[in-house]
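Pasting upload28.pdb here (PDB, C-alpha atoms):
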ATOM      1  CA  MET A 609     -29.986  18.326  -1.131  1.00  0.00           C
ATOM      2  CA  ASN A 610     -30.412  15.922   1.767  1.00  0.00           C
ATOM      3  CA  LYS A 611     -30.278  12.990  -0.633  1.00  0.00           C
ATOM      4  CA  ILE A 612     -26.863  14.046  -1.983  1.00  0.00           C
ATOM      5  CA  LYS A 613     -25.607  14.769   1.537  1.00  0.00           C
ATOM      6  CA  TRP A 614     -26.594  11.375   2.912  1.00  0.00           C
ATOM      7  CA  THR A 615     -25.312   9.571  -0.191  1.00  0.00           C
ATOM      8  CA  ILE A 616     -21.855  11.107   0.356  1.00  0.00           C
ATOM      9  CA  LEU A 617     -21.844  10.476   4.120  1.00  0.00           C
ATOM     10  CA  THR A 618     -23.234   6.922   3.895  1.00  0.00           C
ATOM     11  CA  SER A 619     -20.599   6.072   1.266  1.00  0.00           C
ATOM     12  CA  ALA A 620     -17.888   7.332   3.630  1.00  0.00           C
ATOM     13  CA  ILE A 621     -19.256   5.246   6.526  1.00  0.00           C
ATOM     14  CA  LEU A 622     -19.576   2.073   4.450  1.00  0.00           C
ATOM     15  CA  PHE A 623     -16.172   2.560   2.843  1.00  0.00           C
ATOM     16  CA  SER A 624     -14.466   3.067   6.216  1.00  0.00           C
ATOM     17  CA  ILE A 625     -16.118  -0.043   7.745  1.00  0.00           C
ATOM     18  CA  CYS A 626     -15.278  -2.208   4.716  1.00  0.00           C
ATOM     19  CA  SER A 627     -11.694  -0.875   4.569  1.00  0.00           C
ATOM     20  CA  ALA A 628     -11.152  -1.549   8.270  1.00  0.00           C
ATOM     21  CA  PHE A 629     -12.249  -5.173   7.848  1.00  0.00           C
ATOM     22  CA  ALA A 630     -10.307  -5.596   4.596  1.00  0.00           C
ATOM     23  CA  THR A 631      -7.045  -4.319   6.096  1.00  0.00           C
ATOM     24  CA  ARG A 632      -7.213  -6.205   9.392  1.00  0.00           C
ATOM     25  CA  PRO A 633      -3.639  -6.546  10.730  1.00  0.00           C
ATOM     26  CA  HIS A 634      -3.538 -10.341  10.651  1.00  0.00           C
ATOM     27  CA  ALA A 635      -4.403 -10.260   6.966  1.00  0.00           C
ATOM     28  CA  LEU A 636      -1.656  -7.761   6.189  1.00  0.00           C
ATOM     29  CA  GLN A 637       1.172  -8.610   8.514  1.00  0.00           C
ATOM     30  CA  SER A 638       1.304 -12.374   8.680  1.00  0.00           C
ATOM     31  CA  GLY A 639       4.471 -13.976   7.438  1.00  0.00           C
ATOM     32  CA  LEU A 640       6.599 -10.897   6.972  1.00  0.00           C
ATOM     33  CA  TYR A 641      10.377 -11.059   7.109  1.00  0.00           C
ATOM     34  CA  TRP A 642      13.271  -8.646   7.371  1.00  0.00           C
ATOM     35  CA  TYR A 643      16.733  -8.992   5.885  1.00  0.00           C
ATOM     36  CA  ASN A 644      19.630  -8.528   8.331  1.00  0.00           C
ATOM     37  CA  GLY A 645      22.315  -8.533   5.635  1.00  0.00           C
ATOM     38  CA  THR A 646      22.894 -12.282   5.606  1.00  0.00           C
ATOM     39  CA  GLU A 647      19.518 -13.969   6.090  1.00  0.00           C
ATOM     40  CA  TYR A 648      15.796 -13.402   6.301  1.00  0.00           C
ATOM     41  CA  LEU A 649      14.261 -13.458   9.778  1.00  0.00           C
ATOM     42  CA  ALA A 650      10.657 -13.360  10.975  1.00  0.00           C
ATOM     43  CA  ALA A 651       9.737  -9.713  11.388  1.00  0.00           C
ATOM     44  CA  GLY A 652       7.273 -10.164  14.244  1.00  0.00           C
ATOM     45  CA  GLN A 653       4.330  -7.829  14.678  1.00  0.00           C
ATOM     46  CA  MET A 654       4.429  -4.257  13.434  1.00  0.00           C
ATOM     47  CA  GLY A 655       4.218  -1.787  16.289  1.00  0.00           C
ATOM     48  CA  VAL A 656       4.767  -4.463  18.894  1.00  0.00           C
ATOM     49  CA  ASN A 657       8.063  -6.050  17.849  1.00  0.00           C
ATOM     50  CA  TYR A 658       9.313  -3.591  15.235  1.00  0.00           C
ATOM     51  CA  VAL A 659       8.743  -0.331  13.384  1.00  0.00           C
ATOM     52  CA  CYS A 660       9.795   0.786   9.925  1.00  0.00           C
ATOM     53  CA  GLU A 661      11.808   4.005   9.995  1.00  0.00           C
ATOM     54  CA  THR A 662      12.096   6.190   6.919  1.00  0.00           C
ATOM     55  CA  SER A 663      15.110   5.408   4.725  1.00  0.00           C
ATOM     56  CA  SER A 664      15.940   4.192   1.235  1.00  0.00           C
ATOM     57  CA  ASN A 665      15.988   0.510   2.292  1.00  0.00           C
ATOM     58  CA  THR A 666      13.324  -2.196   2.401  1.00  0.00           C
ATOM     59  CA  CYS A 667      11.802  -2.725   5.839  1.00  0.00           C
ATOM     60  CA  THR A 668       9.903  -5.992   5.386  1.00  0.00           C
ATOM     61  CA  TYR A 669       9.502  -8.740   2.795  1.00  0.00           C
ATOM     62  CA  SER A 670       6.694 -11.173   2.130  1.00  0.00           C
ATOM     63  CA  TYR A 671       7.551 -14.783   1.283  1.00  0.00           C
ATOM     64  CA  SER A 672       5.856 -16.904  -1.323  1.00  0.00           C
ATOM     65  CA  ASP A 673       7.024 -19.874  -3.435  1.00  0.00           C
ATOM     66  CA  GLY A 674      10.644 -19.468  -2.361  1.00  0.00           C
ATOM     67  CA  VAL A 675      10.776 -15.799  -3.280  1.00  0.00           C
ATOM     68  CA  TYR A 676      11.081 -12.859  -0.911  1.00  0.00           C
ATOM     69  CA  THR A 677       9.249  -9.830  -2.310  1.00  0.00           C
ATOM     70  CA  PRO A 678       9.699  -6.320  -0.858  1.00  0.00           C
ATOM     71  CA  TYR A 679       6.603  -5.536   1.187  1.00  0.00           C
ATOM     72  CA  GLN A 680       7.271  -2.197   2.858  1.00  0.00           C
ATOM     73  CA  THR A 681       9.879  -0.135   1.070  1.00  0.00           C
ATOM     74  CA  ALA A 682      11.582   3.205   1.750  1.00  0.00           C
ATOM     75  CA  ALA A 683      12.109   2.250   5.386  1.00  0.00           C
ATOM     76  CA  THR A 684      14.474   0.358   7.691  1.00  0.00           C
ATOM     77  CA  TYR A 685      13.516  -2.430  10.094  1.00  0.00           C
ATOM     78  CA  THR A 686      13.956  -1.266  13.696  1.00  0.00           C
ATOM     79  CA  TYR A 687      13.438  -3.712  16.513  1.00  0.00           C
ATOM     80  CA  LEU A 688      11.323  -2.609  19.495  1.00  0.00           C
ATOM     81  CA  GLY A 689      11.882  -4.426  22.747  1.00  0.00           C
ATOM     82  CA  VAL A 690       9.693  -2.488  25.123  1.00  0.00           C
ATOM     83  CA  THR A 691       6.771  -4.793  25.777  1.00  0.00           C
ATOM     84  CA  THR A 692       8.026  -8.017  24.300  1.00  0.00           C
ATOM     85  CA  PRO A 693      10.516  -9.896  26.465  1.00  0.00           C
ATOM     86  CA  SER A 694      12.507 -11.372  23.605  1.00  0.00           C
ATOM     87  CA  LYS A 695      13.237 -10.764  19.950  1.00  0.00           C
ATOM     88  CA  PRO A 696      11.117 -12.824  17.506  1.00  0.00           C
ATOM     89  CA  GLU A 697      12.590 -16.269  17.006  1.00  0.00           C
ATOM     90  CA  PRO A 698      14.659 -16.390  13.813  1.00  0.00           C
ATOM     91  CA  THR A 699      13.385 -18.793  11.210  1.00  0.00           C
ATOM     92  CA  THR A 700      15.575 -20.957   9.037  1.00  0.00           C
ATOM     93  CA  ASN A 701      17.091 -19.218   6.047  1.00  0.00           C
ATOM     94  CA  LYS A 702      14.738 -19.957   3.190  1.00  0.00           C
ATOM     95  CA  LYS A 703      16.809 -18.135   0.578  1.00  0.00           C
TER      96      LYS A 703
ATOM     97  CA  MET B 691     -27.022  21.851  -3.626  1.00  0.00           C
ATOM     98  CA  SER B 692     -24.320  24.468  -4.168  1.00  0.00           C
ATOM     99  CA  LYS B 693     -20.692  23.727  -4.938  1.00  0.00           C
ATOM    100  CA  LYS B 694     -19.670  24.922  -1.440  1.00  0.00           C
ATOM    101  CA  GLN B 695     -22.179  22.620   0.238  1.00  0.00           C
ATOM    102  CA  VAL B 696     -20.958  19.645  -1.773  1.00  0.00           C
ATOM    103  CA  THR B 697     -17.371  20.559  -0.807  1.00  0.00           C
ATOM    104  CA  LEU B 698     -18.384  20.728   2.867  1.00  0.00           C
ATOM    105  CA  GLU B 699     -20.068  17.321   2.658  1.00  0.00           C
ATOM    106  CA  CYS B 700     -16.977  15.858   0.986  1.00  0.00           C
ATOM    107  CA  VAL B 701     -14.698  17.352   3.672  1.00  0.00           C
ATOM    108  CA  CYS B 702     -16.904  15.838   6.412  1.00  0.00           C
ATOM    109  CA  ALA B 703     -16.996  12.520   4.540  1.00  0.00           C
ATOM    110  CA  LEU B 704     -13.182  12.423   4.352  1.00  0.00           C
ATOM    111  CA  LEU B 705     -12.900  13.194   8.076  1.00  0.00           C
ATOM    112  CA  ILE B 706     -15.484  10.515   8.920  1.00  0.00           C
ATOM    113  CA  LEU B 707     -13.622   8.081   6.678  1.00  0.00           C
ATOM    114  CA  LEU B 708     -10.369   8.645   8.575  1.00  0.00           C
ATOM    115  CA  PHE B 709     -11.767   8.658  12.114  1.00  0.00           C
ATOM    116  CA  LEU B 710     -14.175   5.766  11.641  1.00  0.00           C
ATOM    117  CA  TYR B 711     -11.576   3.663   9.820  1.00  0.00           C
ATOM    118  CA  ALA B 712      -8.965   4.345  12.511  1.00  0.00           C
ATOM    119  CA  SER B 713     -11.328   3.525  15.390  1.00  0.00           C
ATOM    120  CA  ILE B 714     -12.741   0.325  13.852  1.00  0.00           C
ATOM    121  CA  SER B 715      -9.208  -0.859  12.993  1.00  0.00           C
ATOM    122  CA  LYS B 716      -8.198  -0.392  16.629  1.00  0.00           C
ATOM    123  CA  PHE B 717     -11.203  -2.336  17.952  1.00  0.00           C
ATOM    124  CA  LEU B 718     -10.716  -5.133  15.398  1.00  0.00           C
ATOM    125  CA  ASP B 719      -7.269  -5.844  16.792  1.00  0.00           C
ATOM    126  CA  PHE B 720      -7.629  -4.473  20.292  1.00  0.00           C
ATOM    127  CA  LYS B 721      -4.920  -6.610  21.902  1.00  0.00           C
ATOM    128  CA  THR B 722      -2.310  -5.432  19.410  1.00  0.00           C
ATOM    129  CA  PHE B 723      -3.501  -1.862  19.901  1.00  0.00           C
ATOM    130  CA  ILE B 724      -2.861  -2.188  23.663  1.00  0.00           C
ATOM    131  CA  ASP B 725       0.663  -3.494  22.950  1.00  0.00           C
ATOM    132  CA  GLN B 726       1.234  -0.681  20.455  1.00  0.00           C
ATOM    133  CA  MET B 727       0.076   1.892  23.020  1.00  0.00           C
ATOM    134  CA  ASN B 728       2.509   0.413  25.535  1.00  0.00           C
ATOM    135  CA  ASN B 729       5.274   0.938  22.966  1.00  0.00           C
ATOM    136  CA  GLN B 730       4.454   4.632  22.616  1.00  0.00           C
ATOM    137  CA  PRO B 731       6.773   6.957  24.555  1.00  0.00           C
ATOM    138  CA  LEU B 732       4.008   7.727  27.049  1.00  0.00           C
ATOM    139  CA  PRO B 733       3.586   6.393  30.606  1.00  0.00           C
ATOM    140  CA  ASN B 734       2.160   2.846  30.479  1.00  0.00           C
ATOM    141  CA  SER B 735      -0.254   3.803  33.289  1.00  0.00           C
ATOM    142  CA  TRP B 736      -2.105   5.920  30.688  1.00  0.00           C
ATOM    143  CA  THR B 737      -2.695   2.906  28.417  1.00  0.00           C
ATOM    144  CA  PRO B 738      -5.962   1.626  30.027  1.00  0.00           C
ATOM    145  CA  PHE B 739      -7.470   5.095  29.581  1.00  0.00           C
ATOM    146  CA  LEU B 740      -6.025   5.887  26.135  1.00  0.00           C
ATOM    147  CA  VAL B 741      -6.959   2.561  24.483  1.00  0.00           C
ATOM    148  CA  TRP B 742     -10.628   3.358  25.125  1.00  0.00           C
ATOM    149  CA  ALA B 743     -10.551   7.154  24.957  1.00  0.00           C
ATOM    150  CA  ILE B 744      -8.875   7.485  21.538  1.00  0.00           C
ATOM    151  CA  PRO B 745     -11.156   5.168  19.478  1.00  0.00           C
ATOM    152  CA  LEU B 746     -14.297   6.327  21.318  1.00  0.00           C
ATOM    153  CA  LEU B 747     -13.338   9.959  20.679  1.00  0.00           C
ATOM    154  CA  GLU B 748     -12.842   9.148  16.987  1.00  0.00           C
ATOM    155  CA  ILE B 749     -16.292   7.534  16.793  1.00  0.00           C
ATOM    156  CA  ALA B 750     -17.878  10.472  18.659  1.00  0.00           C
ATOM    157  CA  ILE B 751     -16.304  12.939  16.189  1.00  0.00           C
ATOM    158  CA  SER B 752     -17.589  10.859  13.252  1.00  0.00           C
ATOM    159  CA  ILE B 753     -21.137  10.899  14.667  1.00  0.00           C
ATOM    160  CA  ALA B 754     -20.947  14.648  15.398  1.00  0.00           C
ATOM    161  CA  LEU B 755     -19.899  15.312  11.791  1.00  0.00           C
ATOM    162  CA  LEU B 756     -22.993  13.548  10.444  1.00  0.00           C
ATOM    163  CA  PHE B 757     -25.634  15.892  11.842  1.00  0.00           C
ATOM    164  CA  GLU B 758     -26.125  19.574  11.132  1.00  0.00           C
ATOM    165  CA  TYR B 759     -26.571  20.612  14.783  1.00  0.00           C
ATOM    166  CA  THR B 760     -23.351  18.970  15.952  1.00  0.00           C
ATOM    167  CA  ARG B 761     -21.244  19.397  12.822  1.00  0.00           C
ATOM    168  CA  LEU B 762     -19.434  22.580  13.858  1.00  0.00           C
ATOM    169  CA  PHE B 763     -18.585  20.991  17.206  1.00  0.00           C
ATOM    170  CA  GLY B 764     -17.378  17.885  15.338  1.00  0.00           C
ATOM    171  CA  LEU B 765     -15.208  19.987  13.018  1.00  0.00           C
ATOM    172  CA  TYR B 766     -13.582  21.838  15.930  1.00  0.00           C
ATOM    173  CA  ALA B 767     -13.059  18.536  17.782  1.00  0.00           C
ATOM    174  CA  SER B 768     -11.538  17.112  14.611  1.00  0.00           C
ATOM    175  CA  LEU B 769      -9.214  20.118  14.268  1.00  0.00           C
ATOM    176  CA  ILE B 770      -8.067  19.896  17.913  1.00  0.00           C
ATOM    177  CA  THR B 771      -7.495  16.131  17.596  1.00  0.00           C
ATOM    178  CA  MET B 772      -5.550  16.505  14.342  1.00  0.00           C
ATOM    179  CA  VAL B 773      -3.436  19.334  15.801  1.00  0.00           C
ATOM    180  CA  ILE B 774      -2.593  17.147  18.843  1.00  0.00           C
ATOM    181  CA  PHE B 775      -1.718  14.188  16.544  1.00  0.00           C
ATOM    182  CA  THR B 776       0.380  16.496  14.317  1.00  0.00           C
ATOM    183  CA  ILE B 777       2.311  17.930  17.291  1.00  0.00           C
ATOM    184  CA  TYR B 778       2.905  14.380  18.602  1.00  0.00           C
ATOM    185  CA  THR B 779       4.138  13.281  15.158  1.00  0.00           C
ATOM    186  CA  GLY B 780       6.404  16.346  14.953  1.00  0.00           C
ATOM    187  CA  ILE B 781       7.870  15.625  18.399  1.00  0.00           C
ATOM    188  CA  ILE B 782       8.603  12.038  17.354  1.00  0.00           C
ATOM    189  CA  LEU B 783      10.231  13.136  14.094  1.00  0.00           C
ATOM    190  CA  LEU B 784      12.406  15.628  15.983  1.00  0.00           C
ATOM    191  CA  HIS B 785      13.697  12.680  18.068  1.00  0.00           C
ATOM    192  CA  PHE B 786      12.501  14.017  21.404  1.00  0.00           C
ATOM    193  CA  PHE B 787      11.956  10.429  22.511  1.00  0.00           C
ATOM    194  CA  PRO B 788      14.649   7.728  22.843  1.00  0.00           C
ATOM    195  CA  TYR B 789      13.133   5.646  20.031  1.00  0.00           C
ATOM    196  CA  ILE B 790      10.588   6.008  17.231  1.00  0.00           C
ATOM    197  CA  PRO B 791       7.365   4.088  17.945  1.00  0.00           C
ATOM    198  CA  CYS B 792       4.991   2.709  15.320  1.00  0.00           C
ATOM    199  CA  SER B 793       2.477   4.925  13.549  1.00  0.00           C
ATOM    200  CA  CYS B 794      -0.354   2.511  14.349  1.00  0.00           C
ATOM    201  CA  GLY B 795      -3.913   2.166  13.054  1.00  0.00           C
ATOM    202  CA  GLY B 796      -4.879  -0.296  10.328  1.00  0.00           C
ATOM    203  CA  VAL B 797      -3.209   0.423   7.005  1.00  0.00           C
ATOM    204  CA  ILE B 798      -1.836   3.657   8.524  1.00  0.00           C
ATOM    205  CA  THR B 799       0.666   1.395  10.320  1.00  0.00           C
ATOM    206  CA  HIS B 800       2.435   1.047   6.984  1.00  0.00           C
ATOM    207  CA  LEU B 801       3.055   4.771   6.714  1.00  0.00           C
ATOM    208  CA  THR B 802       6.356   6.112   7.956  1.00  0.00           C
ATOM    209  CA  TRP B 803       6.226   8.974  10.457  1.00  0.00           C
ATOM    210  CA  SER B 804       7.062  11.515   7.714  1.00  0.00           C
ATOM    211  CA  GLN B 805       4.131  10.264   5.619  1.00  0.00           C
ATOM    212  CA  HIS B 806       2.008  10.257   8.773  1.00  0.00           C
ATOM    213  CA  LEU B 807       2.897  13.913   9.384  1.00  0.00           C
ATOM    214  CA  LEU B 808       1.875  14.789   5.824  1.00  0.00           C
ATOM    215  CA  LEU B 809      -1.451  12.939   6.258  1.00  0.00           C
ATOM    216  CA  ASN B 810      -2.073  14.768   9.565  1.00  0.00           C
ATOM    217  CA  LEU B 811      -1.307  18.137   7.976  1.00  0.00           C
ATOM    218  CA  ILE B 812      -3.705  17.432   5.091  1.00  0.00           C
ATOM    219  CA  TYR B 813      -6.450  16.437   7.531  1.00  0.00           C
ATOM    220  CA  THR B 814      -5.754  19.474   9.737  1.00  0.00           C
ATOM    221  CA  ALA B 815      -6.164  21.663   6.629  1.00  0.00           C
ATOM    222  CA  LEU B 816      -9.384  19.810   5.748  1.00  0.00           C
ATOM    223  CA  SER B 817     -10.750  20.481   9.259  1.00  0.00           C
ATOM    224  CA  VAL B 818      -9.957  24.204   8.886  1.00  0.00           C
ATOM    225  CA  LEU B 819     -11.642  24.245   5.468  1.00  0.00           C
ATOM    226  CA  GLY B 820     -14.693  22.509   6.940  1.00  0.00           C
ATOM    227  CA  ILE B 821     -14.940  25.047   9.784  1.00  0.00           C
ATOM    228  CA  ILE B 822     -14.719  27.971   7.333  1.00  0.00           C
ATOM    229  CA  LEU B 823     -17.392  26.483   5.041  1.00  0.00           C
ATOM    230  CA  GLN B 824     -19.672  25.617   7.966  1.00  0.00           C
ATOM    231  CA  HIS B 825     -19.353  29.132   9.420  1.00  0.00           C
ATOM    232  CA  ARG B 826     -20.157  30.683   6.013  1.00  0.00           C
ATOM    233  CA  LYS B 827     -23.181  28.410   5.714  1.00  0.00           C
ATOM    234  CA  HIS B 828     -24.463  29.581   9.106  1.00  0.00           C
ATOM    235  CA  PHE B 829     -23.798  33.266   8.504  1.00  0.00           C
ATOM    236  CA  LYS B 830     -25.381  33.318   5.039  1.00  0.00           C
ATOM    237  CA  PRO B 831     -29.040  33.648   6.233  1.00  0.00           C
ATOM    238  CA  ILE B 832     -28.028  36.510   8.534  1.00  0.00           C
ATOM    239  CA  LEU B 833     -26.433  38.384   5.630  1.00  0.00           C
ATOM    240  CA  ILE B 834     -29.517  37.896   3.459  1.00  0.00           C
ATOM    241  CA  THR B 835     -31.739  39.196   6.256  1.00  0.00           C
ATOM    242  CA  THR B 836     -29.544  42.277   6.684  1.00  0.00           C
ATOM    243  CA  LYS B 837     -29.587  42.921   2.937  1.00  0.00           C
ATOM    244  CA  HIS B 838     -33.361  42.615   2.817  1.00  0.00           C
ATOM    245  CA  SER B 839     -33.821  44.898   5.820  1.00  0.00           C
ATOM    246  CA  LEU B 840     -31.617  47.532   4.143  1.00  0.00           C
ATOM    247  CA  VAL B 841     -33.689  47.349   0.951  1.00  0.00           C
TER     248      VAL B 841
END
Just give me the structure as structure tokens.
Amino acid sequence: MNKIKWTILTSAILFSICSAFATRPHALQSGLYWYNGTEYLAAGQMGVNYVCETSSNTCTYSYSDGVYTPYQTAATYTYLGVTTPSKPEPTTNKK
Amino acid sequence: MSKKQVTLECVCALLILLFLYASISKFLDFKTFIDQMNNQPLPNSWTPFLVWAIPLLEIAISIALLFEYTRLFGLYASLITMVIFTIYTGIILLHFFPYIPCSCGGVITHLTWSQHLLLNLIYTALSVLGIILQHRKHFKPILITTKHSLV
């Protein structure tokens, strides 16, 4: 009984530690962009510079080999300016 | 090991998975977590306390859920925490605050507030299920004793 119990609990502990390291923010959120209707701009940091609010749009895009791929869908990019003094610097339009 | 005991262990494992993952994610990117806390619609003077209290509470709940003697306490603490998070999520979704902050915490950041509410409700239900199963487990020997004394 104890063996099964500790197998389940140890798996949960290991899985949570590994998942936390695997989904570290810098690995997930680097190089994300948002589309303002005319061009793609650097999104900044989730939770610090922007949030994604529920909608039918695409909140952020990832960029690779000249192609912007939807990253977080079903949400709208909403800029947050509470702690950051200025909006993230726009990058050149890579489209 | 009975089916109910396995279910209880799985419920505790899922709660540990959530709390431990959320706390480690916060510590792995602590600076961002401080910024994210400052963006929450709470007084910024609370941030120095909350940035330590929340992840440490999550770790304490995870440890309490591991051991038999502290498990019931851990399950109640988990339920209270999830209820507080659910109420906070509900308040945000009802637009009580001037803006919608991020739903921060590792990969949870990528959930919208509606999805976050659903996750909180599921975990609140899991905490309730865990409490019920743990109570039944504790009361079982008493019932057997009563039955035997009647016979």
As a list in words, could you give me every residue of chain A near chain B (at most 7 Å apart, counting all atoms listed in the file)?
Met609, Lys613, Ile616, Leu617, Ala620, Ile621, Ser624, Ile625, Ser627, Ala628, Thr631, Arg632, Pro633, Gly655, Val656, Val659, Cys660, Glu661, Thr662, Val690 and Thr691 of chain A
Interatomic distance (Å, one decimal) between CA of Leu819 (chain B) and CA of Ile749 (chain B)
20.7 Å
Please determine, counting all atoms listed in the file, which residue among A:Cys626, A:Ala650, A:Ala683, A:Leu640 has the shortest atom-to-atom distance to Tyr671 (chain A).
A:Leu640
Take the PyMOL selection byres ((chain A and resi 681) around 8), apply it to the structure above, and return the hits as a count of residues only.
10
Separation of CA of Ser735 (chain B) and CA of Gln653 (chain A), in Å?
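Separation between CA of Ser735 (chain B) and CA of Gln653 (chain A): 22.4 Å.
Put simply, CA of Tyr759 (chain B) is 19.8 Å away from CA of Thr771 (chain B).
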If you count only C-alpha atoms, which residues fall within 12 Å of Ala815 (chain B), apart from same-chain ones fewer than 6 positions away, as a PyMOL selection string?
chain B and resi 701+704-705+765-766+768-770+772-773+776+808-809+821-822
Applied to this file, what does the PyMOL selection byres ((chain A and resi 687) around 7) return in terms of residues, put as a count of residues only?
7
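Among the candidates A:Phe623, A:Met654, A:Phe629, A:Asn610, the one nearest to Trp642 (chain A) when counting only C-alpha atoms is A:Met654.
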Kindly list the centre and edge lengths in Å, rounded to one decimal, for the axis-aligned box that covers all listed atoms of region 682-685 of chain A plus 5 Å on each of its six sides, as AutoDock Vina command-line options.
--center_x 13.0 --center_y 0.4 --center_z 5.9 --size_x 12.9 --size_y 15.6 --size_z 18.3
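For the residues B:Leu784, B:Val741, B:Leu762, B:Ala767, ranking by smallest atom-to-atom distance to Leu807 (chain B) using all atoms listed in the file places B:Leu784 first.
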